[in-house]
file entry.cif (mmCIF, C-alpha atoms; chains and numbers go by the auth columns)
data_input
loop_
_atom_site.group_PDB
_atom_site.id
_atom_site.type_symbol
_atom_site.label_atom_id
_atom_site.label_comp_id
_atom_site.label_asym_id
_atom_site.label_seq_id
_atom_site.Cartn_x
_atom_site.Cartn_y
_atom_site.Cartn_z
_atom_site.B_iso_or_equiv
_atom_site.auth_seq_id
_atom_site.auth_asym_id
ATOM 1 C CA MET A 1 -8.191 16.663 8.428 0.00 1399 A
ATOM 2 C CA GLU A 2 -11.364 15.979 10.410 0.00 1400 A
ATOM 3 C CA ASN A 3 -12.844 19.110 8.816 0.00 1401 A
ATOM 4 C CA VAL A 4 -12.457 17.863 5.241 0.00 1402 A
ATOM 5 C CA ASN A 5 -15.813 17.614 3.510 0.00 1403 A
ATOM 6 C CA LEU A 6 -16.162 14.265 1.755 0.00 1404 A
ATOM 7 C CA ASN A 7 -17.802 15.894 -1.250 0.00 1405 A
ATOM 8 C CA GLN A 8 -14.576 17.799 -1.883 0.00 1406 A
ATOM 9 C CA VAL A 9 -12.504 14.616 -2.248 0.00 1407 A
ATOM 10 C CA LEU A 10 -12.033 12.549 -5.408 0.00 1408 A
ATOM 11 C CA PHE A 11 -10.958 9.006 -4.530 0.00 1409 A
ATOM 12 C CA LEU A 12 -9.024 7.161 -7.213 0.00 1410 A
ATOM 13 C CA ASP A 13 -7.155 3.981 -8.037 0.00 1411 A
ATOM 14 C CA ILE A 14 -5.314 2.869 -11.165 0.00 1412 A
ATOM 15 C CA GLU A 15 -4.531 -0.501 -12.714 0.00 1413 A
ATOM 16 C CA THR A 16 -1.449 -0.920 -14.890 0.00 1414 A
ATOM 17 C CA VAL A 17 0.153 -3.590 -17.067 0.00 1415 A
ATOM 18 C CA PRO A 18 3.327 -3.889 -19.162 0.00 1416 A
ATOM 19 C CA GLN A 19 3.036 -2.176 -22.539 0.00 1417 A
ATOM 20 C CA ARG A 20 3.455 -5.458 -24.412 0.00 1418 A
ATOM 21 C CA THR A 21 2.200 -8.994 -23.849 0.00 1419 A
ATOM 22 C CA ASP A 22 5.671 -10.373 -23.173 0.00 1420 A
ATOM 23 C CA PHE A 23 9.343 -9.533 -23.482 0.00 1421 A
ATOM 24 C CA ASN A 24 9.601 -10.920 -27.040 0.00 1422 A
ATOM 25 C CA ALA A 25 6.973 -8.425 -28.228 0.00 1423 A
ATOM 26 C CA LEU A 26 9.305 -5.509 -27.380 0.00 1424 A
ATOM 27 C CA ASP A 27 11.519 -3.978 -30.022 0.00 1425 A
ATOM 28 C CA ALA A 28 15.289 -4.333 -29.672 0.00 1426 A
ATOM 29 C CA ASP A 29 15.814 -1.012 -27.884 0.00 1427 A
ATOM 30 C CA TRP A 30 13.143 -1.726 -25.282 0.00 1428 A
ATOM 31 C CA GLN A 31 14.448 -5.257 -24.771 0.00 1429 A
ATOM 32 C CA TYR A 32 17.891 -3.830 -24.046 0.00 1430 A
ATOM 33 C CA LEU A 33 16.498 -1.222 -21.645 0.00 1431 A
ATOM 34 C CA TRP A 34 14.282 -3.723 -19.851 0.00 1432 A
ATOM 35 C CA ASN A 35 17.190 -6.147 -19.458 0.00 1433 A
ATOM 36 C CA LYS A 36 19.139 -3.405 -17.674 0.00 1434 A
ATOM 37 C CA LYS A 37 16.180 -2.790 -15.376 0.00 1435 A
ATOM 38 C CA ALA A 38 15.666 -6.533 -14.821 0.00 1436 A
ATOM 39 C CA GLN A 39 19.274 -6.934 -13.685 0.00 1437 A
ATOM 40 C CA ILE A 40 18.527 -4.590 -10.816 0.00 1438 A
ATOM 41 C CA LEU A 41 15.157 -6.182 -10.044 0.00 1439 A
ATOM 42 C CA GLY A 42 16.698 -9.649 -10.110 0.00 1440 A
ATOM 43 C CA LYS A 43 18.753 -8.813 -7.030 0.00 1441 A
ATOM 44 C CA TYR A 44 15.533 -8.448 -5.037 0.00 1442 A
ATOM 45 C CA HIS A 45 13.394 -11.023 -6.853 0.00 1443 A
ATOM 46 C CA ALA A 46 15.857 -13.815 -7.508 0.00 1444 A
ATOM 47 C CA HIS A 47 13.094 -16.422 -7.166 0.00 1445 A
ATOM 48 C CA ASN A 48 11.217 -14.960 -10.171 0.00 1446 A
ATOM 49 C CA SER A 49 11.712 -16.275 -13.692 0.00 1447 A
ATOM 50 C CA GLU A 50 12.464 -13.849 -16.531 0.00 1448 A
ATOM 51 C CA GLU A 51 8.811 -14.064 -17.585 0.00 1449 A
ATOM 52 C CA GLU A 52 7.633 -13.277 -14.048 0.00 1450 A
ATOM 53 C CA LEU A 53 10.043 -10.354 -13.861 0.00 1451 A
ATOM 54 C CA TYR A 54 8.614 -8.873 -17.062 0.00 1452 A
ATOM 55 C CA GLN A 55 5.131 -9.049 -15.586 0.00 1453 A
ATOM 56 C CA ARG A 56 6.404 -6.485 -13.063 0.00 1454 A
ATOM 57 C CA ALA A 57 7.097 -4.018 -15.887 0.00 1455 A
ATOM 58 C CA GLY A 58 3.638 -2.543 -15.402 0.00 1456 A
ATOM 59 C CA ILE A 59 4.766 -1.034 -12.102 0.00 1457 A
ATOM 60 C CA TYR A 60 7.130 1.326 -13.918 0.00 1458 A
ATOM 61 C CA ALA A 61 5.656 4.151 -15.976 0.00 1459 A
ATOM 62 C CA GLU A 62 8.446 3.934 -18.576 0.00 1460 A
ATOM 63 C CA PHE A 63 7.644 0.293 -19.324 0.00 1461 A
ATOM 64 C CA GLY A 64 3.945 0.071 -18.436 0.00 1462 A
ATOM 65 C CA LYS A 65 0.605 1.634 -19.269 0.00 1463 A
ATOM 66 C CA ILE A 66 -2.638 2.438 -17.482 0.00 1464 A
ATOM 67 C CA ILE A 67 -5.657 0.343 -18.449 0.00 1465 A
ATOM 68 C CA CYS A 68 -8.130 1.607 -15.847 0.00 1466 A
ATOM 69 C CA ILE A 69 -8.617 4.622 -13.604 0.00 1467 A
ATOM 70 C CA SER A 70 -11.593 4.339 -11.267 0.00 1468 A
ATOM 71 C CA VAL A 71 -12.748 7.389 -9.338 0.00 1469 A
ATOM 72 C CA GLY A 72 -15.321 7.934 -6.624 0.00 1470 A
ATOM 73 C CA PHE A 73 -16.938 11.042 -5.206 0.00 1471 A
ATOM 74 C CA CYS A 74 -19.340 11.514 -2.336 0.00 1472 A
ATOM 75 C CA TYR A 75 -22.566 13.443 -2.192 0.00 1473 A
ATOM 76 C CA TYR A 76 -25.312 13.775 0.379 0.00 1474 A
ATOM 77 C CA HIS A 77 -28.924 12.716 -0.152 0.00 1475 A
ATOM 78 C CA ASN A 78 -31.707 12.492 2.434 0.00 1476 A
ATOM 79 C CA GLY A 79 -29.199 12.758 5.252 0.00 1477 A
ATOM 80 C CA GLU A 80 -27.037 9.908 3.960 0.00 1478 A
ATOM 81 C CA THR A 81 -23.600 9.863 2.372 0.00 1479 A
ATOM 82 C CA LYS A 82 -23.574 8.326 -1.086 0.00 1480 A
ATOM 83 C CA LEU A 83 -20.532 7.264 -3.107 0.00 1481 A
ATOM 84 C CA ARG A 84 -20.694 7.309 -6.896 0.00 1482 A
ATOM 85 C CA ILE A 85 -17.940 5.440 -8.756 0.00 1483 A
ATOM 86 C CA LYS A 86 -17.008 5.879 -12.403 0.00 1484 A
ATOM 87 C CA SER A 87 -14.262 4.157 -14.386 0.00 1485 A
ATOM 88 C CA PHE A 88 -12.146 5.247 -17.314 0.00 1486 A
ATOM 89 C CA CYS A 89 -10.891 2.134 -19.057 0.00 1487 A
ATOM 90 C CA HIS A 90 -9.523 1.503 -22.526 0.00 1488 A
ATOM 91 C CA ASP A 91 -6.906 -0.564 -24.328 0.00 1489 A
ATOM 92 C CA ASP A 92 -5.797 2.753 -25.848 0.00 1490 A
ATOM 93 C CA GLU A 93 -4.198 4.499 -22.895 0.00 1491 A
ATOM 94 C CA THR A 94 -4.265 7.905 -24.565 0.00 1492 A
ATOM 95 C CA GLU A 95 -8.057 7.820 -24.888 0.00 1493 A
ATOM 96 C CA LEU A 96 -8.375 6.814 -21.235 0.00 1494 A
ATOM 97 C CA LEU A 97 -6.091 9.631 -20.068 0.00 1495 A
ATOM 98 C CA LYS A 98 -7.916 12.220 -22.188 0.00 1496 A
ATOM 99 C CA ALA A 99 -11.262 11.275 -20.650 0.00 1497 A
ATOM 100 C CA PHE A 100 -9.846 11.273 -17.114 0.00 1498 A
ATOM 101 C CA ALA A 101 -8.172 14.663 -17.613 0.00 1499 A
ATOM 102 C CA GLN A 102 -11.397 16.144 -19.002 0.00 1500 A
ATOM 103 C CA MET A 103 -13.261 14.986 -15.899 0.00 1501 A
ATOM 104 C CA LEU A 104 -10.648 16.567 -13.612 0.00 1502 A
ATOM 105 C CA ASN A 105 -10.519 19.794 -15.619 0.00 1503 A
ATOM 106 C CA ASP A 106 -14.312 20.105 -15.612 0.00 1504 A
ATOM 107 C CA ASN A 107 -15.170 19.015 -12.090 0.00 1505 A
ATOM 108 C CA PHE A 108 -12.211 18.797 -9.675 0.00 1506 A
ATOM 109 C CA TYR A 109 -10.062 21.847 -10.292 0.00 1507 A
ATOM 110 C CA LYS A 110 -11.007 24.245 -7.464 0.00 1508 A
ATOM 111 C CA ARG A 111 -8.585 25.133 -4.679 0.00 1509 A
ATOM 112 C CA TYR A 112 -10.742 23.310 -2.130 0.00 1510 A
ATOM 113 C CA HIS A 113 -10.694 19.988 -4.014 0.00 1511 A
ATOM 114 C CA PHE A 114 -8.589 17.011 -2.937 0.00 1512 A
ATOM 115 C CA LEU A 115 -7.390 13.868 -4.732 0.00 1513 A
ATOM 116 C CA CYS A 116 -6.985 10.764 -2.578 0.00 1514 A
ATOM 117 C CA ALA A 117 -5.335 7.395 -3.273 0.00 1515 A
ATOM 118 C CA HIS A 118 -3.677 4.666 -1.222 0.00 1516 A
ATOM 119 C CA ASN A 119 0.081 4.983 -1.742 0.00 1517 A
ATOM 120 C CA GLY A 120 -0.899 7.656 -4.235 0.00 1518 A
ATOM 121 C CA GLN A 121 2.107 9.874 -3.616 0.00 1519 A
ATOM 122 C CA GLU A 122 4.492 7.070 -4.546 0.00 1520 A
ATOM 123 C CA PHE A 123 2.469 5.404 -7.290 0.00 1521 A
ATOM 124 C CA ASP A 124 -0.901 6.595 -8.641 0.00 1522 A
ATOM 125 C CA PHE A 125 -0.278 10.352 -8.881 0.00 1523 A
ATOM 126 C CA PRO A 126 3.242 10.264 -10.405 0.00 1524 A
ATOM 127 C CA TYR A 127 2.288 7.366 -12.705 0.00 1525 A
ATOM 128 C CA ILE A 128 -0.643 9.327 -14.159 0.00 1526 A
ATOM 129 C CA CYS A 129 1.595 12.374 -14.606 0.00 1527 A
ATOM 130 C CA ARG A 130 4.367 10.433 -16.324 0.00 1528 A
ATOM 131 C CA ARG A 131 2.072 8.546 -18.683 0.00 1529 A
ATOM 132 C CA SER A 132 0.192 11.768 -19.533 0.00 1530 A
ATOM 133 C CA LEU A 133 3.417 13.483 -20.541 0.00 1531 A
ATOM 134 C CA ILE A 134 4.607 10.460 -22.540 0.00 1532 A
ATOM 135 C CA ALA A 135 1.270 10.528 -24.376 0.00 1533 A
ATOM 136 C CA GLY A 136 1.840 14.203 -25.184 0.00 1534 A
ATOM 137 C CA LEU A 137 -1.249 15.326 -23.307 0.00 1535 A
ATOM 138 C CA GLY A 138 0.216 17.597 -20.669 0.00 1536 A
ATOM 139 C CA LEU A 139 -0.907 17.444 -17.060 0.00 1537 A
ATOM 140 C CA PRO A 140 -4.529 17.706 -15.924 0.00 1538 A
ATOM 141 C CA LYS A 141 -5.551 20.280 -13.351 0.00 1539 A
ATOM 142 C CA GLY A 142 -4.643 19.216 -9.848 0.00 1540 A
ATOM 143 C CA LEU A 143 -1.610 17.265 -11.047 0.00 1541 A
ATOM 144 C CA HIS A 144 0.721 20.102 -12.007 0.00 1542 A
ATOM 145 C CA ILE A 145 3.080 18.863 -9.316 0.00 1543 A
ATOM 146 C CA MET A 146 6.430 18.517 -11.100 0.00 1544 A
ATOM 147 C CA GLY A 147 9.185 19.810 -8.828 0.00 1545 A
ATOM 148 C CA ASN A 148 6.770 20.781 -6.056 0.00 1546 A
ATOM 149 C CA LYS A 149 7.770 20.673 -2.422 0.00 1547 A
ATOM 150 C CA PRO A 150 5.683 18.250 -0.295 0.00 1548 A
ATOM 151 C CA TRP A 151 3.814 21.113 1.381 0.00 1549 A
ATOM 152 C CA GLU A 152 2.807 22.428 -2.029 0.00 1550 A
ATOM 153 C CA ASN A 153 0.859 19.215 -2.655 0.00 1551 A
ATOM 154 C CA ASN A 154 -1.471 19.390 0.329 0.00 1552 A
ATOM 155 C CA HIS A 155 -4.407 18.689 -1.987 0.00 1553 A
ATOM 156 C CA LEU A 156 -3.035 15.182 -2.634 0.00 1554 A
ATOM 157 C CA LEU A 157 -4.186 12.854 0.139 0.00 1555 A
ATOM 158 C CA ASP A 158 -2.627 9.446 0.696 0.00 1556 A
ATOM 159 C CA THR A 159 -4.275 7.069 3.156 0.00 1557 A
ATOM 160 C CA MET A 160 -1.060 5.074 3.531 0.00 1558 A
ATOM 161 C CA LYS A 161 0.864 8.236 4.494 0.00 1559 A
ATOM 162 C CA MET A 162 -1.933 9.239 6.850 0.00 1560 A
ATOM 163 C CA TRP A 163 -1.665 5.848 8.574 0.00 1561 A
ATOM 164 C CA ALA A 164 2.143 6.080 8.769 0.00 1562 A
ATOM 165 C CA PHE A 165 1.966 9.012 11.219 0.00 1563 A
ATOM 166 C CA GLY A 166 5.387 10.169 10.021 0.00 1564 A
ATOM 167 C CA ASP A 167 6.955 6.683 9.954 0.00 1565 A
ATOM 168 C CA TYR A 168 8.670 6.801 6.558 0.00 1566 A
ATOM 169 C CA LYS A 169 9.588 3.095 6.713 0.00 1567 A
ATOM 170 C CA SER A 170 5.953 2.088 6.873 0.00 1568 A
ATOM 171 C CA PHE A 171 4.193 0.319 3.992 0.00 1569 A
ATOM 172 C CA THR A 172 0.736 -1.006 4.773 0.00 1570 A
ATOM 173 C CA SER A 173 -1.417 -2.356 1.954 0.00 1571 A
ATOM 174 C CA LEU A 174 -5.016 -1.332 1.396 0.00 1572 A
ATOM 175 C CA GLU A 175 -6.040 -4.947 2.007 0.00 1573 A
ATOM 176 C CA VAL A 176 -4.364 -5.061 5.433 0.00 1574 A
ATOM 177 C CA MET A 177 -5.802 -1.725 6.485 0.00 1575 A
ATOM 178 C CA ALA A 178 -9.287 -2.766 5.351 0.00 1576 A
ATOM 179 C CA LYS A 179 -9.031 -5.886 7.499 0.00 1577 A
ATOM 180 C CA ALA A 180 -7.770 -3.902 10.486 0.00 1578 A
ATOM 181 C CA PHE A 181 -10.690 -1.478 10.261 0.00 1579 A
ATOM 182 C CA GLY A 182 -13.355 -4.099 9.569 0.00 1580 A
ATOM 183 C CA ILE A 183 -13.975 -2.970 5.979 0.00 1581 A
ATOM 184 C CA PRO A 184 -14.848 -5.689 3.409 0.00 1582 A
ATOM 185 C CA SER A 185 -11.794 -6.722 1.400 0.00 1583 A
ATOM 186 C CA PRO A 186 -11.562 -5.500 -2.218 0.00 1584 A
ATOM 187 C CA LYS A 187 -9.526 -8.630 -3.055 0.00 1585 A
ATOM 188 C CA ASP A 188 -12.451 -11.067 -3.034 0.00 1586 A
ATOM 189 C CA ASP A 189 -11.978 -11.926 -6.719 0.00 1587 A
ATOM 190 C CA ILE A 190 -8.521 -10.962 -7.970 0.00 1588 A
ATOM 191 C CA SER A 191 -5.565 -9.014 -6.592 0.00 1589 A
ATOM 192 C CA GLY A 192 -2.987 -6.756 -8.177 0.00 1590 A
ATOM 193 C CA ALA A 193 -0.797 -9.766 -8.906 0.00 1591 A
ATOM 194 C CA ASP A 194 -3.535 -11.155 -11.179 0.00 1592 A
ATOM 195 C CA VAL A 195 -4.051 -8.076 -13.355 0.00 1593 A
ATOM 196 C CA TYR A 196 -1.398 -9.001 -15.941 0.00 1594 A
ATOM 197 C CA ARG A 197 -2.885 -12.479 -16.418 0.00 1595 A
ATOM 198 C CA VAL A 198 -6.489 -11.315 -16.527 0.00 1596 A
ATOM 199 C CA TYR A 199 -5.657 -8.606 -19.070 0.00 1597 A
ATOM 200 C CA TYR A 200 -3.290 -10.395 -21.436 0.00 1598 A
ATOM 201 C CA GLU A 201 -4.354 -14.023 -21.042 0.00 1599 A
ATOM 202 C CA GLU A 202 -8.064 -13.775 -20.264 0.00 1600 A
ATOM 203 C CA ASN A 203 -8.601 -10.557 -22.233 0.00 1601 A
ATOM 204 C CA ASN A 204 -11.042 -9.560 -19.504 0.00 1602 A
ATOM 205 C CA LEU A 205 -10.775 -5.826 -18.908 0.00 1603 A
ATOM 206 C CA PRO A 206 -14.266 -5.607 -17.304 0.00 1604 A
ATOM 207 C CA ARG A 207 -13.106 -7.955 -14.536 0.00 1605 A
ATOM 208 C CA ILE A 208 -10.169 -5.641 -13.837 0.00 1606 A
ATOM 209 C CA VAL A 209 -12.471 -2.618 -13.831 0.00 1607 A
ATOM 210 C CA ALA A 210 -14.727 -4.285 -11.236 0.00 1608 A
ATOM 211 C CA TYR A 211 -11.666 -4.961 -9.074 0.00 1609 A
ATOM 212 C CA CYS A 212 -10.471 -1.361 -9.410 0.00 1610 A
ATOM 213 C CA GLU A 213 -13.900 -0.048 -8.440 0.00 1611 A
ATOM 214 C CA LYS A 214 -13.879 -2.207 -5.298 0.00 1612 A
ATOM 215 C CA ASP A 215 -10.542 -0.649 -4.373 0.00 1613 A
ATOM 216 C CA VAL A 216 -12.067 2.826 -4.685 0.00 1614 A
ATOM 217 C CA SER A 217 -15.019 1.886 -2.475 0.00 1615 A
ATOM 218 C CA THR A 218 -12.634 0.441 0.130 0.00 1616 A
ATOM 219 C CA LEU A 219 -10.397 3.514 -0.129 0.00 1617 A
ATOM 220 C CA ALA A 220 -13.300 5.885 0.499 0.00 1618 A
ATOM 221 C CA ASN A 221 -14.397 3.928 3.561 0.00 1619 A
ATOM 222 C CA LEU A 222 -10.845 3.734 4.873 0.00 1620 A
ATOM 223 C CA PHE A 223 -10.565 7.503 4.547 0.00 1621 A
ATOM 224 C CA CYS A 224 -13.831 7.853 6.460 0.00 1622 A
ATOM 225 C CA ARG A 225 -12.456 5.741 9.298 0.00 1623 A
ATOM 226 C CA LEU A 226 -9.184 7.683 9.390 0.00 1624 A
ATOM 227 C CA ILE A 227 -10.969 11.019 9.785 0.00 1625 A
ATOM 228 C CA GLY A 228 -13.573 9.717 12.209 0.00 1626 A
ATOM 229 C CA LYS A 229 -16.612 9.621 9.923 0.00 1627 A
ATOM 230 C CA PRO A 230 -19.106 6.733 9.580 0.00 1628 A
ATOM 231 C CA LEU A 231 -18.614 4.101 6.906 0.00 1629 A
ATOM 232 C CA ILE A 232 -20.544 4.456 3.656 0.00 1630 A
ATOM 233 C CA ALA A 233 -23.107 1.659 3.524 0.00 1631 A
ATOM 234 C CA ALA A 234 -22.777 -0.816 0.657 0.00 1632 A
ATOM 235 C CA GLU A 235 -26.272 0.058 -0.567 0.00 1633 A
ATOM 236 C CA ASN A 236 -25.160 3.697 -0.903 0.00 1634 A
ATOM 237 C CA VAL A 237 -22.345 2.863 -3.353 0.00 1635 A
ATOM 238 C CA GLU A 238 -23.363 3.485 -6.950 0.00 1636 A
ATOM 239 C CA ILE A 239 -21.505 2.444 -10.098 0.00 1637 A
ATOM 240 C CA SER A 240 -21.962 4.926 -12.913 0.00 1638 A
ATOM 241 C CA SER A 241 -22.463 3.509 -16.402 0.00 1639 A
ATOM 242 C CA GLU A 242 -22.136 6.892 -18.107 0.00 1640 A
ATOM 243 C CA GLU A 243 -19.592 7.159 -20.895 0.00 1641 A
#

call {"tool": "encode", "arguments": {"input": "entry.cif", "output": "structure tokens"}}
result
Amino acid sequence: MENVNLNQVLFLDIETVPQRTDFNALDADWQYLWNKKAQILGKYHAHNSEEELYQRAGIYAEFGKIICISVGFCYYHNGETKLRIKSFCHDDETELLKAFAQMLNDNFYKRYHFLCAHNGQEFDFPYICRRSLIAGLGLPKGLHIMGNKPWENNHLLDTMKMWAFGDYKSFTSLEVMAKAFGIPSPKDDISGADVYRVYYEENNLPRIVAYCEKDVSTLANLFCRLIGKPLIAAENVEISSEE
């Protein structure tokens, strides 16, 4: 892993919300199906109200949708490592997924490329795959992973799995790992628990995008620390405004 070139890695993070503003906005079939899911969730989140439980629907690809995918890639300039971050965000998830897939298909499809996310193997990668298929788009290059054995997905890097060192009971958040490694927290404005409110109540997608981009910057620096490379200086992080 120490031999991985940073410019071969695409760092990514996604933000998701329930497909509808609240439970009452669902049609009868989806209300029935969510109620069945909520009965199971209620066993583990008994302190949550029904409204709070529905806010968790965004975690599940069948009930949620992606509103932002932020990606970051490294390049070298004048002896320094630079990180350029770009976001794909849209209220129309299909448009977002099309743009993201085009970027992957055009730029990150070679055998030596890697995709990296924190808890990506359990969340980001399968969520993107599931929502892409539901949207009728097929899978982008690099994410044709349906039915693969774990060793067939060596191009998918997961900083949480790297930190687990084989401990399959381990779950360590990006925020905790950032603190442990002395990396500035990406949660200085909002956290994942706020995304539903900021999206549906504040109607503030740009604020969510900024939060997602901070996660990508933190992720890239965490990866650097895990493989023994220097941190990327804040002044070397660029946010791309290209459409």

call {"tool": "resolve_selection", "arguments": {"input": "entry.cif", "expression": "the PyMOL selection byres ((chain A and resi 1467) around 7)", "output": "tab-separated table (two decimals) with C-alpha atoms, keeping the file's coordinate frame"}}
result
chain	number	residue	atom	x	y	z
A	1410	LEU	CA	-9.02	7.16	-7.21
A	1411	ASP	CA	-7.16	3.98	-8.04
A	1412	ILE	CA	-5.31	2.87	-11.16
A	1413	GLU	CA	-4.53	-0.50	-12.71
A	1466	CYS	CA	-8.13	1.61	-15.85
A	1468	SER	CA	-11.59	4.34	-11.27
A	1469	VAL	CA	-12.75	7.39	-9.34
A	1485	SER	CA	-14.26	4.16	-14.39
A	1486	PHE	CA	-12.15	5.25	-17.31
A	1487	CYS	CA	-10.89	2.13	-19.06

call {"tool": "resolve_selection", "arguments": {"input": "entry.cif", "expression": "the PyMOL selection byres ((chain A and resi 1621-1623) around 10)", "output": "PyMOL selection string"}}
result
chain A and resi 1400+1404+1409+1514-1516+1555-1558+1560-1561+1576+1579-1581+1616-1620+1624-1630

call {"tool": "write_last_selection", "arguments": {"input": "entry.cif", "atoms": "C-alpha atoms", "output": "PDB file, keeping the file's coordinate frame"}}
result
ATOM      1  CA  GLU A1400     -11.364  15.979  10.410  1.00  0.00           C
ATOM      2  CA  LEU A1404     -16.162  14.265   1.755  1.00  0.00           C
ATOM      3  CA  PHE A1409     -10.958   9.006  -4.530  1.00  0.00           C
ATOM      4  CA  CYS A1514      -6.985  10.764  -2.578  1.00  0.00           C
ATOM      5  CA  ALA A1515      -5.335   7.395  -3.273  1.00  0.00           C
ATOM      6  CA  HIS A1516      -3.677   4.666  -1.222  1.00  0.00           C
ATOM      7  CA  LEU A1555      -4.186  12.854   0.139  1.00  0.00           C
ATOM      8  CA  ASP A1556      -2.627   9.446   0.696  1.00  0.00           C
ATOM      9  CA  THR A1557      -4.275   7.069   3.156  1.00  0.00           C
ATOM     10  CA  MET A1558      -1.060   5.074   3.531  1.00  0.00           C
ATOM     11  CA  MET A1560      -1.933   9.239   6.850  1.00  0.00           C
ATOM     12  CA  TRP A1561      -1.665   5.848   8.574  1.00  0.00           C
ATOM     13  CA  ALA A1576      -9.287  -2.766   5.351  1.00  0.00           C
ATOM     14  CA  PHE A1579     -10.690  -1.478  10.261  1.00  0.00           C
ATOM     15  CA  GLY A1580     -13.355  -4.099   9.569  1.00  0.00           C
ATOM     16  CA  ILE A1581     -13.975  -2.970   5.979  1.00  0.00           C
ATOM     17  CA  THR A1616     -12.634   0.441   0.130  1.00  0.00           C
ATOM     18  CA  LEU A1617     -10.397   3.514  -0.129  1.00  0.00           C
ATOM     19  CA  ALA A1618     -13.300   5.885   0.499  1.00  0.00           C
ATOM     20  CA  ASN A1619     -14.397   3.928   3.561  1.00  0.00           C
ATOM     21  CA  LEU A1620     -10.845   3.734   4.873  1.00  0.00           C
ATOM     22  CA  LEU A1624      -9.184   7.683   9.390  1.00  0.00           C
ATOM     23  CA  ILE A1625     -10.969  11.019   9.785  1.00  0.00           C
ATOM     24  CA  GLY A1626     -13.573   9.717  12.209  1.00  0.00           C
ATOM     25  CA  LYS A1627     -16.612   9.621   9.923  1.00  0.00           C
ATOM     26  CA  PRO A1628     -19.106   6.733   9.580  1.00  0.00           C
ATOM     27  CA  LEU A1629     -18.614   4.101   6.906  1.00  0.00           C
ATOM     28  CA  ILE A1630     -20.544   4.456   3.656  1.00  0.00           C
TER      29      ILE A1630
END

call {"tool": "atom_distance", "arguments": {"input": "entry.cif", "atom1": "CA of Leu1502 (chain A)", "atom2": "CA of Phe1461 (chain A)"}}
result
25.1 Å

call {"tool": "resolve_selection", "arguments": {"input": "entry.cif", "expression": "the PyMOL selection byres ((chain A and resi 1583-1598) around 8)", "output": "list of chain:residue names"}}
result
A:Glu1413, A:Thr1414, A:Val1415, A:Pro1416, A:Thr1419, A:Gln1453, A:Glu1573, A:Ala1576, A:Lys1577, A:Ile1581, A:Pro1582, A:Glu1599, A:Glu1600, A:Asn1601, A:Asn1602, A:Leu1603, A:Arg1605, A:Ile1606, A:Tyr1609, A:Lys1612, A:Asp1613, A:Thr1616

call {"tool": "atom_distance", "arguments": {"input": "entry.cif", "atom1": "CA of Ile1532 (chain A)", "atom2": "CA of Ile1464 (chain A)"}}
result
11.9 Å

call {"tool": "atom_distance", "arguments": {"input": "entry.cif", "atom1": "CA of Gly1540 (chain A)", "atom2": "CA of Tyr1507 (chain A)"}}
result
6.0 Å

call {"tool": "closest_residue", "arguments": {"input": "entry.cif", "among": "A:Arg1528, A:Arg1418, A:Lys1435, A:His1553", "to": "Gly1456 (chain A)", "atoms": "all atoms listed in the file"}}
result
A:Arg1418
